[in-house]
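Structure first, then comments.
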Amino acid sequence: MVDRPFNVLFLCTANSARSIMAEAILNRLGQGQFLALSAGSQPKDQVNPHTIALLRNLDYDTSKFRSKSWAEFAKPGAPPLDFVFTVCDNAAGEACPLWPGQPMTAHWGVPDPAAAKGSAAEIALAFKDAYRMLHQRIAVFAALPIQGLDRLSLQQRLKDIGRLDGATAKAKEPS
């Protein structure tokens with residue numbers, strides 16, 4: 001049993017939209033039980049402005065969000081990770097570093113809102129849809145009786161969460 005909040009890392013290539021949203025959602029829904037973090041394999045210079053606008057509109061404090069490399073969480077002294085979730089198909093296909101703590105992993109692919117084209121309203125809708133899908137998955141995760149599940153059962157539940165409505169094709173693949 002862990003005598004601290006579970007450390008959860010959300011990964012996406014750029015760490016500017018989906019992984020940032022996931023970090024915000026879990027830190028709100030799982031406050032006290034989870035500590036959510038996010039990173040990317042190829043982080044951007046800044047968090048996507050549409051992500052910041054959406055989170056601000058939902059009353060999140062966005063002052064501490066930044067796009068950062070996953071290398072920060074693989075180096076000595078990094079917090080031990082209990083869970084690592086990829087939220088984009090590109091990051092899921094990359095060779096990840098070795099994570100401290102031997103975390104459980106799963107792929108929860110969600111379409112990339114940063115790739116949305118069209119009017120401002122259409123782009124905003126893509127970000128809202130990504131947020132909705134991530135919120136659904138994270139709410140299911142946060143409600144799991146983690147301490148009461150054996151590792152194999154928990155791993156299956158994590159994979160099932162990644163296949164919820166709206167999952168990307170890679171997330172739907174059996175593994």
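By order of appearance in the structure tokens: chains A, B, ..., then residues from 1 within every chain, and ligands from 1 in the order shown.
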At a cut-off of 12 Å, using only C-alpha atoms, what residues contact region 50-61 of chain A? Leave out same-chain residues fewer than 3 positions from it and give the result as a PDB file with N, CA, C and O atoms, in the first residue's frame.
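Once everything was written out, this is result-v4.pdb:
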ATOM      1  N   ASN A  15       3.055  17.956 -25.170  1.00  0.00           N
ATOM      2  CA  ASN A  15       2.696  18.390 -23.817  1.00  0.00           C
ATOM      3  C   ASN A  15       2.175  19.827 -23.842  1.00  0.00           C
ATOM      4  O   ASN A  15       2.612  20.689 -23.104  1.00  0.00           O
ATOM      5  N   SER A  16       1.193  20.043 -24.737  1.00  0.00           N
ATOM      6  CA  SER A  16       0.629  21.388 -24.831  1.00  0.00           C
ATOM      7  C   SER A  16      -0.894  21.412 -24.824  1.00  0.00           C
ATOM      8  O   SER A  16      -1.479  22.480 -24.718  1.00  0.00           O
ATOM      9  N   ALA A  17      -1.544  20.241 -24.909  1.00  0.00           N
ATOM     10  CA  ALA A  17      -3.011  20.231 -24.934  1.00  0.00           C
ATOM     11  C   ALA A  17      -3.556  19.077 -24.086  1.00  0.00           C
ATOM     12  O   ALA A  17      -3.861  19.259 -22.912  1.00  0.00           O
ATOM     13  N   ARG A  18      -3.642  17.874 -24.669  1.00  0.00           N
ATOM     14  CA  ARG A  18      -4.301  16.755 -23.983  1.00  0.00           C
ATOM     15  C   ARG A  18      -3.659  16.376 -22.656  1.00  0.00           C
ATOM     16  O   ARG A  18      -4.357  16.185 -21.657  1.00  0.00           O
ATOM     17  N   SER A  19      -2.350  16.278 -22.606  1.00  0.00           N
ATOM     18  CA  SER A  19      -1.699  15.877 -21.357  1.00  0.00           C
ATOM     19  C   SER A  19      -1.838  16.960 -20.286  1.00  0.00           C
ATOM     20  O   SER A  19      -1.990  16.649 -19.099  1.00  0.00           O
ATOM     21  N   ILE A  20      -1.837  18.214 -20.701  1.00  0.00           N
ATOM     22  CA  ILE A  20      -2.042  19.314 -19.757  1.00  0.00           C
ATOM     23  C   ILE A  20      -3.472  19.258 -19.204  1.00  0.00           C
ATOM     24  O   ILE A  20      -3.696  19.397 -17.997  1.00  0.00           O
ATOM     25  N   MET A  21      -4.454  19.037 -20.094  1.00  0.00           N
ATOM     26  CA  MET A  21      -5.841  18.916 -19.648  1.00  0.00           C
ATOM     27  C   MET A  21      -5.987  17.761 -18.658  1.00  0.00           C
ATOM     28  O   MET A  21      -6.642  17.902 -17.618  1.00  0.00           O
ATOM     29  N   ALA A  22      -5.382  16.622 -18.987  1.00  0.00           N
ATOM     30  CA  ALA A  22      -5.480  15.449 -18.112  1.00  0.00           C
ATOM     31  C   ALA A  22      -4.869  15.734 -16.743  1.00  0.00           C
ATOM     32  O   ALA A  22      -5.436  15.354 -15.704  1.00  0.00           O
ATOM     33  N   GLU A  23      -3.734  16.405 -16.722  1.00  0.00           N
ATOM     34  CA  GLU A  23      -3.101  16.776 -15.450  1.00  0.00           C
ATOM     35  C   GLU A  23      -4.059  17.632 -14.619  1.00  0.00           C
ATOM     36  O   GLU A  23      -4.257  17.393 -13.417  1.00  0.00           O
ATOM     37  N   ALA A  24      -4.667  18.627 -15.254  1.00  0.00           N
ATOM     38  CA  ALA A  24      -5.588  19.522 -14.553  1.00  0.00           C
ATOM     39  C   ALA A  24      -6.800  18.755 -14.014  1.00  0.00           C
ATOM     40  O   ALA A  24      -7.181  18.923 -12.848  1.00  0.00           O
ATOM     41  N   ILE A  25      -7.374  17.916 -14.843  1.00  0.00           N
ATOM     42  CA  ILE A  25      -8.580  17.177 -14.456  1.00  0.00           C
ATOM     43  C   ILE A  25      -8.306  16.264 -13.266  1.00  0.00           C
ATOM     44  O   ILE A  25      -9.060  16.269 -12.285  1.00  0.00           O
ATOM     45  N   LEU A  26      -7.249  15.457 -13.350  1.00  0.00           N
ATOM     46  CA  LEU A  26      -6.987  14.521 -12.257  1.00  0.00           C
ATOM     47  C   LEU A  26      -6.617  15.243 -10.970  1.00  0.00           C
ATOM     48  O   LEU A  26      -7.015  14.817  -9.882  1.00  0.00           O
ATOM     49  N   ASN A  27      -5.882  16.322 -11.067  1.00  0.00           N
ATOM     50  CA  ASN A  27      -5.538  17.054  -9.845  1.00  0.00           C
ATOM     51  C   ASN A  27      -6.786  17.633  -9.182  1.00  0.00           C
ATOM     52  O   ASN A  27      -6.816  17.798  -7.968  1.00  0.00           O
ATOM     53  N   ARG A  28      -7.825  17.900  -9.967  1.00  0.00           N
ATOM     54  CA  ARG A  28      -9.077  18.387  -9.394  1.00  0.00           C
ATOM     55  C   ARG A  28      -9.923  17.219  -8.877  1.00  0.00           C
ATOM     56  O   ARG A  28     -10.382  17.231  -7.740  1.00  0.00           O
ATOM     57  N   LEU A  29     -10.150  16.214  -9.719  1.00  0.00           N
ATOM     58  CA  LEU A  29     -11.022  15.092  -9.338  1.00  0.00           C
ATOM     59  C   LEU A  29     -10.411  14.193  -8.267  1.00  0.00           C
ATOM     60  O   LEU A  29     -11.130  13.632  -7.456  1.00  0.00           O
ATOM     61  N   GLN A  46       5.432  26.420 -25.419  1.00  0.00           N
ATOM     62  CA  GLN A  46       4.382  26.890 -24.524  1.00  0.00           C
ATOM     63  C   GLN A  46       3.179  25.973 -24.611  1.00  0.00           C
ATOM     64  O   GLN A  46       3.047  25.199 -25.551  1.00  0.00           O
ATOM     65  N   VAL A  47       2.316  26.081 -23.617  1.00  0.00           N
ATOM     66  CA  VAL A  47       1.055  25.345 -23.628  1.00  0.00           C
ATOM     67  C   VAL A  47       0.164  25.993 -24.686  1.00  0.00           C
ATOM     68  O   VAL A  47       0.162  27.219 -24.857  1.00  0.00           O
ATOM     69  N   LYS A  64       0.614  27.556 -13.358  1.00  0.00           N
ATOM     70  CA  LYS A  64       1.784  26.683 -13.211  1.00  0.00           C
ATOM     71  C   LYS A  64       1.969  25.701 -14.372  1.00  0.00           C
ATOM     72  O   LYS A  64       2.936  24.939 -14.381  1.00  0.00           O
ATOM     73  N   PHE A  65       1.061  25.711 -15.325  1.00  0.00           N
ATOM     74  CA  PHE A  65       1.204  24.788 -16.449  1.00  0.00           C
ATOM     75  C   PHE A  65       2.320  25.242 -17.376  1.00  0.00           C
ATOM     76  O   PHE A  65       2.432  26.421 -17.698  1.00  0.00           O
ATOM     77  N   ARG A  66       3.139  24.264 -17.775  1.00  0.00           N
ATOM     78  CA  ARG A  66       4.198  24.523 -18.742  1.00  0.00           C
ATOM     79  C   ARG A  66       4.442  23.243 -19.520  1.00  0.00           C
ATOM     80  O   ARG A  66       4.217  22.138 -19.028  1.00  0.00           O
ATOM     81  N   SER A  67       4.908  23.396 -20.727  1.00  0.00           N
ATOM     82  CA  SER A  67       5.249  22.249 -21.556  1.00  0.00           C
ATOM     83  C   SER A  67       6.644  21.792 -21.163  1.00  0.00           C
ATOM     84  O   SER A  67       7.579  22.589 -21.142  1.00  0.00           O
ATOM     85  N   ASP A 112      -6.436  14.692 -31.348  1.00  0.00           N
ATOM     86  CA  ASP A 112      -5.648  15.890 -31.052  1.00  0.00           C
ATOM     87  C   ASP A 112      -6.433  17.151 -31.383  1.00  0.00           C
ATOM     88  O   ASP A 112      -6.652  17.457 -32.559  1.00  0.00           O
ATOM     89  N   PRO A 113      -6.837  17.920 -30.372  1.00  0.00           N
ATOM     90  CA  PRO A 113      -7.578  19.144 -30.674  1.00  0.00           C
ATOM     91  C   PRO A 113      -6.698  20.198 -31.342  1.00  0.00           C
ATOM     92  O   PRO A 113      -7.203  21.050 -32.083  1.00  0.00           O
ATOM     93  N   ALA A 114      -5.398  20.143 -31.135  1.00  0.00           N
ATOM     94  CA  ALA A 114      -4.491  21.118 -31.745  1.00  0.00           C
ATOM     95  C   ALA A 114      -4.415  20.941 -33.260  1.00  0.00           C
ATOM     96  O   ALA A 114      -3.977  21.848 -33.967  1.00  0.00           O
ATOM     97  N   ALA A 115      -4.876  19.803 -33.760  1.00  0.00           N
ATOM     98  CA  ALA A 115      -4.874  19.559 -35.200  1.00  0.00           C
ATOM     99  C   ALA A 115      -6.177  20.030 -35.854  1.00  0.00           C
ATOM    100  O   ALA A 115      -6.323  19.942 -37.067  1.00  0.00           O
ATOM    101  N   ALA A 116      -7.105  20.526 -35.061  1.00  0.00           N
ATOM    102  CA  ALA A 116      -8.406  20.957 -35.584  1.00  0.00           C
ATOM    103  C   ALA A 116      -8.254  22.134 -36.536  1.00  0.00           C
ATOM    104  O   ALA A 116      -7.447  23.027 -36.310  1.00  0.00           O
ATOM    105  N   ALA A 120     -13.143  29.541 -35.425  1.00  0.00           N
ATOM    106  CA  ALA A 120     -12.785  29.590 -34.003  1.00  0.00           C
ATOM    107  C   ALA A 120     -13.721  28.703 -33.195  1.00  0.00           C
ATOM    108  O   ALA A 120     -13.290  28.023 -32.256  1.00  0.00           O
ATOM    109  N   ALA A 121     -14.996  28.677 -33.564  1.00  0.00           N
ATOM    110  CA  ALA A 121     -15.974  27.839 -32.850  1.00  0.00           C
ATOM    111  C   ALA A 121     -15.674  26.358 -33.052  1.00  0.00           C
ATOM    112  O   ALA A 121     -15.791  25.562 -32.111  1.00  0.00           O
ATOM    113  N   GLU A 122     -15.280  25.966 -34.247  1.00  0.00           N
ATOM    114  CA  GLU A 122     -14.957  24.560 -34.518  1.00  0.00           C
ATOM    115  C   GLU A 122     -13.709  24.122 -33.757  1.00  0.00           C
ATOM    116  O   GLU A 122     -13.651  23.013 -33.231  1.00  0.00           O
ATOM    117  N   ILE A 123     -12.736  25.001 -33.686  1.00  0.00           N
ATOM    118  CA  ILE A 123     -11.510  24.682 -32.938  1.00  0.00           C
ATOM    119  C   ILE A 123     -11.817  24.588 -31.449  1.00  0.00           C
ATOM    120  O   ILE A 123     -11.387  23.649 -30.770  1.00  0.00           O
ATOM    121  N   ALA A 124     -12.606  25.525 -30.930  1.00  0.00           N
ATOM    122  CA  ALA A 124     -12.986  25.489 -29.520  1.00  0.00           C
ATOM    123  C   ALA A 124     -13.750  24.198 -29.210  1.00  0.00           C
ATOM    124  O   ALA A 124     -13.545  23.587 -28.150  1.00  0.00           O
ATOM    125  N   LEU A 125     -14.596  23.763 -30.129  1.00  0.00           N
ATOM    126  CA  LEU A 125     -15.355  22.522 -29.932  1.00  0.00           C
ATOM    127  C   LEU A 125     -14.422  21.313 -29.880  1.00  0.00           C
ATOM    128  O   LEU A 125     -14.625  20.405 -29.068  1.00  0.00           O
ATOM    129  N   ALA A 126     -13.377  21.297 -30.690  1.00  0.00           N
ATOM    130  CA  ALA A 126     -12.409  20.193 -30.664  1.00  0.00           C
ATOM    131  C   ALA A 126     -11.728  20.119 -29.300  1.00  0.00           C
ATOM    132  O   ALA A 126     -11.522  19.028 -28.751  1.00  0.00           O
ATOM    133  N   PHE A 127     -11.384  21.260 -28.727  1.00  0.00           N
ATOM    134  CA  PHE A 127     -10.761  21.282 -27.396  1.00  0.00           C
ATOM    135  C   PHE A 127     -11.754  20.833 -26.327  1.00  0.00           C
ATOM    136  O   PHE A 127     -11.401  20.082 -25.424  1.00  0.00           O
ATOM    137  N   LYS A 128     -13.004  21.274 -26.431  1.00  0.00           N
ATOM    138  CA  LYS A 128     -14.034  20.854 -25.472  1.00  0.00           C
ATOM    139  C   LYS A 128     -14.276  19.350 -25.557  1.00  0.00           C
ATOM    140  O   LYS A 128     -14.470  18.685 -24.536  1.00  0.00           O
ATOM    141  N   ASP A 129     -14.278  18.805 -26.783  1.00  0.00           N
ATOM    142  CA  ASP A 129     -14.478  17.359 -26.950  1.00  0.00           C
ATOM    143  C   ASP A 129     -13.332  16.576 -26.321  1.00  0.00           C
ATOM    144  O   ASP A 129     -13.547  15.564 -25.661  1.00  0.00           O
ATOM    145  N   ALA A 130     -12.100  17.025 -26.549  1.00  0.00           N
ATOM    146  CA  ALA A 130     -10.945  16.340 -25.948  1.00  0.00           C
ATOM    147  C   ALA A 130     -11.040  16.396 -24.427  1.00  0.00           C
ATOM    148  O   ALA A 130     -10.815  15.380 -23.750  1.00  0.00           O
ATOM    149  N   TYR A 131     -11.399  17.543 -23.902  1.00  0.00           N
ATOM    150  CA  TYR A 131     -11.555  17.686 -22.455  1.00  0.00           C
ATOM    151  C   TYR A 131     -12.628  16.725 -21.940  1.00  0.00           C
ATOM    152  O   TYR A 131     -12.428  16.037 -20.934  1.00  0.00           O
ATOM    153  N   ARG A 132     -13.776  16.678 -22.622  1.00  0.00           N
ATOM    154  CA  ARG A 132     -14.876  15.803 -22.205  1.00  0.00           C
ATOM    155  C   ARG A 132     -14.437  14.340 -22.168  1.00  0.00           C
ATOM    156  O   ARG A 132     -14.700  13.628 -21.203  1.00  0.00           O
TER     157      ARG A 132
END
Practice prompt. Can you pull out every residue within 6 Å of Pro103 (chain A), counting only C-alpha atoms, but drop anything in the same chain fewer than 4 positions away, and send it as a list in words?
Written response: Leu81, Asp82 and Phe83 of chain A
Those residues you just picked out, can you put them in a file as an mmCIF file, in the first residue's frame with N, CA, C and O atoms?
data_model
loop_
_atom_site.group_PDB
_atom_site.id
_atom_site.type_symbol
_atom_site.label_atom_id
_atom_site.label_comp_id
_atom_site.auth_asym_id
_atom_site.auth_seq_id
_atom_site.Cartn_x
_atom_site.Cartn_y
_atom_site.Cartn_z
ATOM 1 N N LEU A 81 6.806 6.970 -10.010
ATOM 2 C CA LEU A 81 5.526 7.014 -10.707
ATOM 3 C C LEU A 81 4.747 5.731 -10.455
ATOM 4 O O LEU A 81 5.311 4.640 -10.502
ATOM 5 N N ASP A 82 3.466 5.882 -10.210
ATOM 6 C CA ASP A 82 2.589 4.731 -10.013
ATOM 7 C C ASP A 82 1.843 4.369 -11.299
ATOM 8 O O ASP A 82 1.558 3.205 -11.550
ATOM 9 N N PHE A 83 1.535 5.399 -12.104
ATOM 10 C CA PHE A 83 0.802 5.207 -13.357
ATOM 11 C C PHE A 83 1.369 6.155 -14.402
ATOM 12 O O PHE A 83 1.690 7.303 -14.093
#
Write out as a VMD selection string all residues of region 27-162 of chain A that DSSP puts in strand (DSSP E or B) for this structure's backbone. chain A and resid 31 34 to 40 69 83 to 86 104 to 107
Selected residues, all heavy atoms, written as a CSV table (one decimal), in the first residue's frame, please.
chain,number,residue,atom,x,y,z
A,31,GLN,N,-8.0,15.0,-6.0
A,31,GLN,CA,-7.2,15.8,-5.0
A,31,GLN,C,-7.1,15.0,-3.7
A,31,GLN,O,-8.0,14.5,-3.2
A,31,GLN,CB,-7.9,17.1,-4.7
A,31,GLN,CG,-7.1,18.1,-3.9
A,31,GLN,CD,-7.8,19.4,-3.9
A,31,GLN,OE1,-9.0,19.6,-4.0
A,31,GLN,NE2,-7.0,20.5,-3.7
A,34,PHE,N,-4.5,11.5,-5.7
A,34,PHE,CA,-3.5,11.5,-6.8
A,34,PHE,C,-2.8,12.8,-6.9
A,34,PHE,O,-3.3,13.8,-6.6
A,34,PHE,CB,-4.3,11.3,-8.1
A,34,PHE,CG,-5.1,10.0,-8.2
A,34,PHE,CD1,-6.4,9.9,-7.9
A,34,PHE,CD2,-4.4,8.8,-8.6
A,34,PHE,CE1,-7.2,8.8,-8.0
A,34,PHE,CE2,-5.2,7.6,-8.6
A,34,PHE,CZ,-6.5,7.6,-8.3
A,35,LEU,N,-1.6,12.7,-7.5
A,35,LEU,CA,-0.8,13.8,-7.9
A,35,LEU,C,-0.5,13.7,-9.4
A,35,LEU,O,0.2,12.7,-9.8
A,35,LEU,CB,0.5,14.0,-7.1
A,35,LEU,CG,1.5,15.1,-7.7
A,35,LEU,CD1,0.8,16.5,-7.5
A,35,LEU,CD2,2.8,15.1,-7.0
A,36,ALA,N,-1.2,14.5,-10.2
A,36,ALA,CA,-1.0,14.3,-11.6
A,36,ALA,C,0.1,15.2,-12.1
A,36,ALA,O,0.2,16.4,-11.7
A,36,ALA,CB,-2.4,14.7,-12.3
A,37,LEU,N,0.8,14.7,-13.1
A,37,LEU,CA,1.9,15.4,-13.8
A,37,LEU,C,1.7,15.2,-15.3
A,37,LEU,O,1.0,14.3,-15.7
A,37,LEU,CB,3.2,14.8,-13.3
A,37,LEU,CG,3.4,14.7,-11.8
A,37,LEU,CD1,4.4,13.7,-11.5
A,37,LEU,CD2,3.8,16.1,-11.2
A,38,SER,N,2.4,16.0,-16.1
A,38,SER,CA,2.3,15.8,-17.5
A,38,SER,C,3.7,16.1,-18.1
A,38,SER,O,4.5,16.9,-17.6
A,38,SER,CB,1.2,16.7,-18.2
A,38,SER,OG,1.6,18.0,-18.1
A,39,ALA,N,3.9,15.5,-19.3
A,39,ALA,CA,5.2,15.8,-20.0
A,39,ALA,C,5.0,15.3,-21.5
A,39,ALA,O,4.0,14.7,-21.8
A,39,ALA,CB,6.3,15.0,-19.4
A,40,GLY,N,6.0,15.6,-22.3
A,40,GLY,CA,6.0,15.3,-23.7
A,40,GLY,C,7.3,14.8,-24.1
A,40,GLY,O,8.4,15.1,-23.6
A,69,SER,N,9.6,18.3,-20.9
A,69,SER,CA,10.1,17.0,-21.4
A,69,SER,C,9.9,15.9,-20.4
A,69,SER,O,10.0,16.0,-19.2
A,69,SER,CB,11.6,17.1,-21.7
A,69,SER,OG,12.1,15.8,-22.1
A,83,PHE,N,1.5,5.4,-12.1
A,83,PHE,CA,0.8,5.2,-13.4
A,83,PHE,C,1.4,6.2,-14.4
A,83,PHE,O,1.7,7.3,-14.1
A,83,PHE,CB,-0.7,5.5,-13.2
A,83,PHE,CG,-1.4,4.7,-12.2
A,83,PHE,CD1,-1.5,5.1,-10.8
A,83,PHE,CD2,-1.9,3.4,-12.5
A,83,PHE,CE1,-2.1,4.3,-9.9
A,83,PHE,CE2,-2.5,2.6,-11.6
A,83,PHE,CZ,-2.6,3.1,-10.2
A,84,VAL,N,1.5,5.7,-15.7
A,84,VAL,CA,1.8,6.5,-16.8
A,84,VAL,C,0.8,6.2,-17.9
A,84,VAL,O,0.7,5.1,-18.3
A,84,VAL,CB,3.3,6.2,-17.3
A,84,VAL,CG1,3.6,7.0,-18.5
A,84,VAL,CG2,4.3,6.5,-16.2
A,85,PHE,N,0.1,7.3,-18.4
A,85,PHE,CA,-0.8,7.1,-19.4
A,85,PHE,C,-0.5,8.0,-20.6
A,85,PHE,O,-0.2,9.2,-20.4
A,85,PHE,CB,-2.2,7.6,-18.9
A,85,PHE,CG,-2.7,6.8,-17.7
A,85,PHE,CD1,-3.1,7.4,-16.5
A,85,PHE,CD2,-2.8,5.4,-17.8
A,85,PHE,CE1,-3.5,6.7,-15.4
A,85,PHE,CE2,-3.3,4.7,-16.7
A,85,PHE,CZ,-3.6,5.4,-15.5
A,86,THR,N,-0.4,7.4,-21.8
A,86,THR,CA,-0.3,8.2,-23.0
A,86,THR,C,-1.7,8.6,-23.5
A,86,THR,O,-2.6,7.8,-23.4
A,86,THR,CB,0.5,7.4,-24.1
A,86,THR,OG1,-0.2,6.1,-24.3
A,86,THR,CG2,1.9,7.1,-23.7
A,104,MET,N,2.4,1.3,-13.6
A,104,MET,CA,1.4,0.6,-14.5
A,104,MET,C,1.2,1.6,-15.6
A,104,MET,O,1.2,2.8,-15.4
A,104,MET,CB,0.1,0.3,-13.8
A,104,MET,CG,0.4,-0.7,-12.6
A,104,MET,SD,-1.2,-1.3,-12.0
A,104,MET,CE,-1.5,-2.6,-13.3
A,105,THR,N,1.0,1.1,-16.9
A,105,THR,CA,0.9,2.0,-18.0
A,105,THR,C,-0.4,1.6,-18.8
A,105,THR,O,-0.8,0.4,-18.8
A,105,THR,CB,2.1,1.9,-18.9
A,105,THR,OG1,2.2,0.6,-19.4
A,105,THR,CG2,3.4,2.3,-18.2
A,106,ALA,N,-0.9,2.5,-19.5
A,106,ALA,CA,-2.0,2.3,-20.5
A,106,ALA,C,-2.1,3.4,-21.5
A,106,ALA,O,-1.5,4.5,-21.2
A,106,ALA,CB,-3.3,2.2,-19.7
A,107,HIS,N,-2.7,3.1,-22.6
A,107,HIS,CA,-2.9,4.2,-23.6
A,107,HIS,C,-4.3,4.6,-23.7
A,107,HIS,O,-5.2,3.8,-23.8
A,107,HIS,CB,-2.5,3.6,-25.0
A,107,HIS,CG,-2.7,4.6,-26.1
A,107,HIS,ND1,-2.1,5.8,-26.1
A,107,HIS,CD2,-3.4,4.5,-27.2
A,107,HIS,CE1,-2.5,6.5,-27.2
A,107,HIS,NE2,-3.3,5.7,-27.9
TODO: Point out the residue among A:Pro111, A:Pro100, A:Val87, A:Gly77 with the least atom-to-atom distance to Arg137 (chain A), counting only C-alpha atoms.
DONE: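 Of all the options, A:Val87 lies closest to Arg137 (chain A).
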| query | What are the DSSP alpha helix (DSSP H) residues of region 43-115 of chain A, as an NGL selection string? | reply | :A and (49-57 or 89-93)
Write out as a ChimeraX atom specification which residues come within 8 Å of region 161-165 of chain A when counting only C-alpha atoms, dropping same-chain ones fewer than 2 positions away.
/A:106-109,133,137,140-141,157-159,167,171-172
Find the residue from A:Val110, A:Leu98, A:Cys12, A:Ala71 that sits nearest to Leu134 (chain A); use only C-alpha atoms when measuring.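 The shortest atom-to-atom distance to Leu134 (chain A) comes from A:Val110.
For the choices A:Asp3, A:Ser153, A:Pro43, A:Leu9, the atom-to-atom distance to Trp99 (chain A) is smallest for A:Leu9 when using only C-alpha atoms.
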Quick check, in Å to one decimal: how far apart do CA of Glu72 (chain A) and CA of Asn48 (chain A) lie?
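About the pair CA of Glu72 (chain A) and CA of Asn48 (chain A): they are 20.1 Å apart.
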Correct to one decimal, the distance CA of Arg151 (chain A)-CA of Gln33 (chain A) is 18.1 Å
- Item | CA of Cys88 (chain A) to CA of Lys75 (chain A), straight-line distance in Å |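 Value for the CA of Lys75 (chain A)-CA of Cys88 (chain A) distance: 22.7 Å.
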Using only C-alpha atoms, the residue out of A:Gln102, A:Gln147, A:Asn7, A:Ala14 with shortest distance to Trp70 (chain A) is A:Ala14
With distances taken over only C-alpha atoms, the candidate from A:Arg4, A:Pro49, A:Gly30, A:Leu154 nearest Pro80 (chain A) is A:Arg4
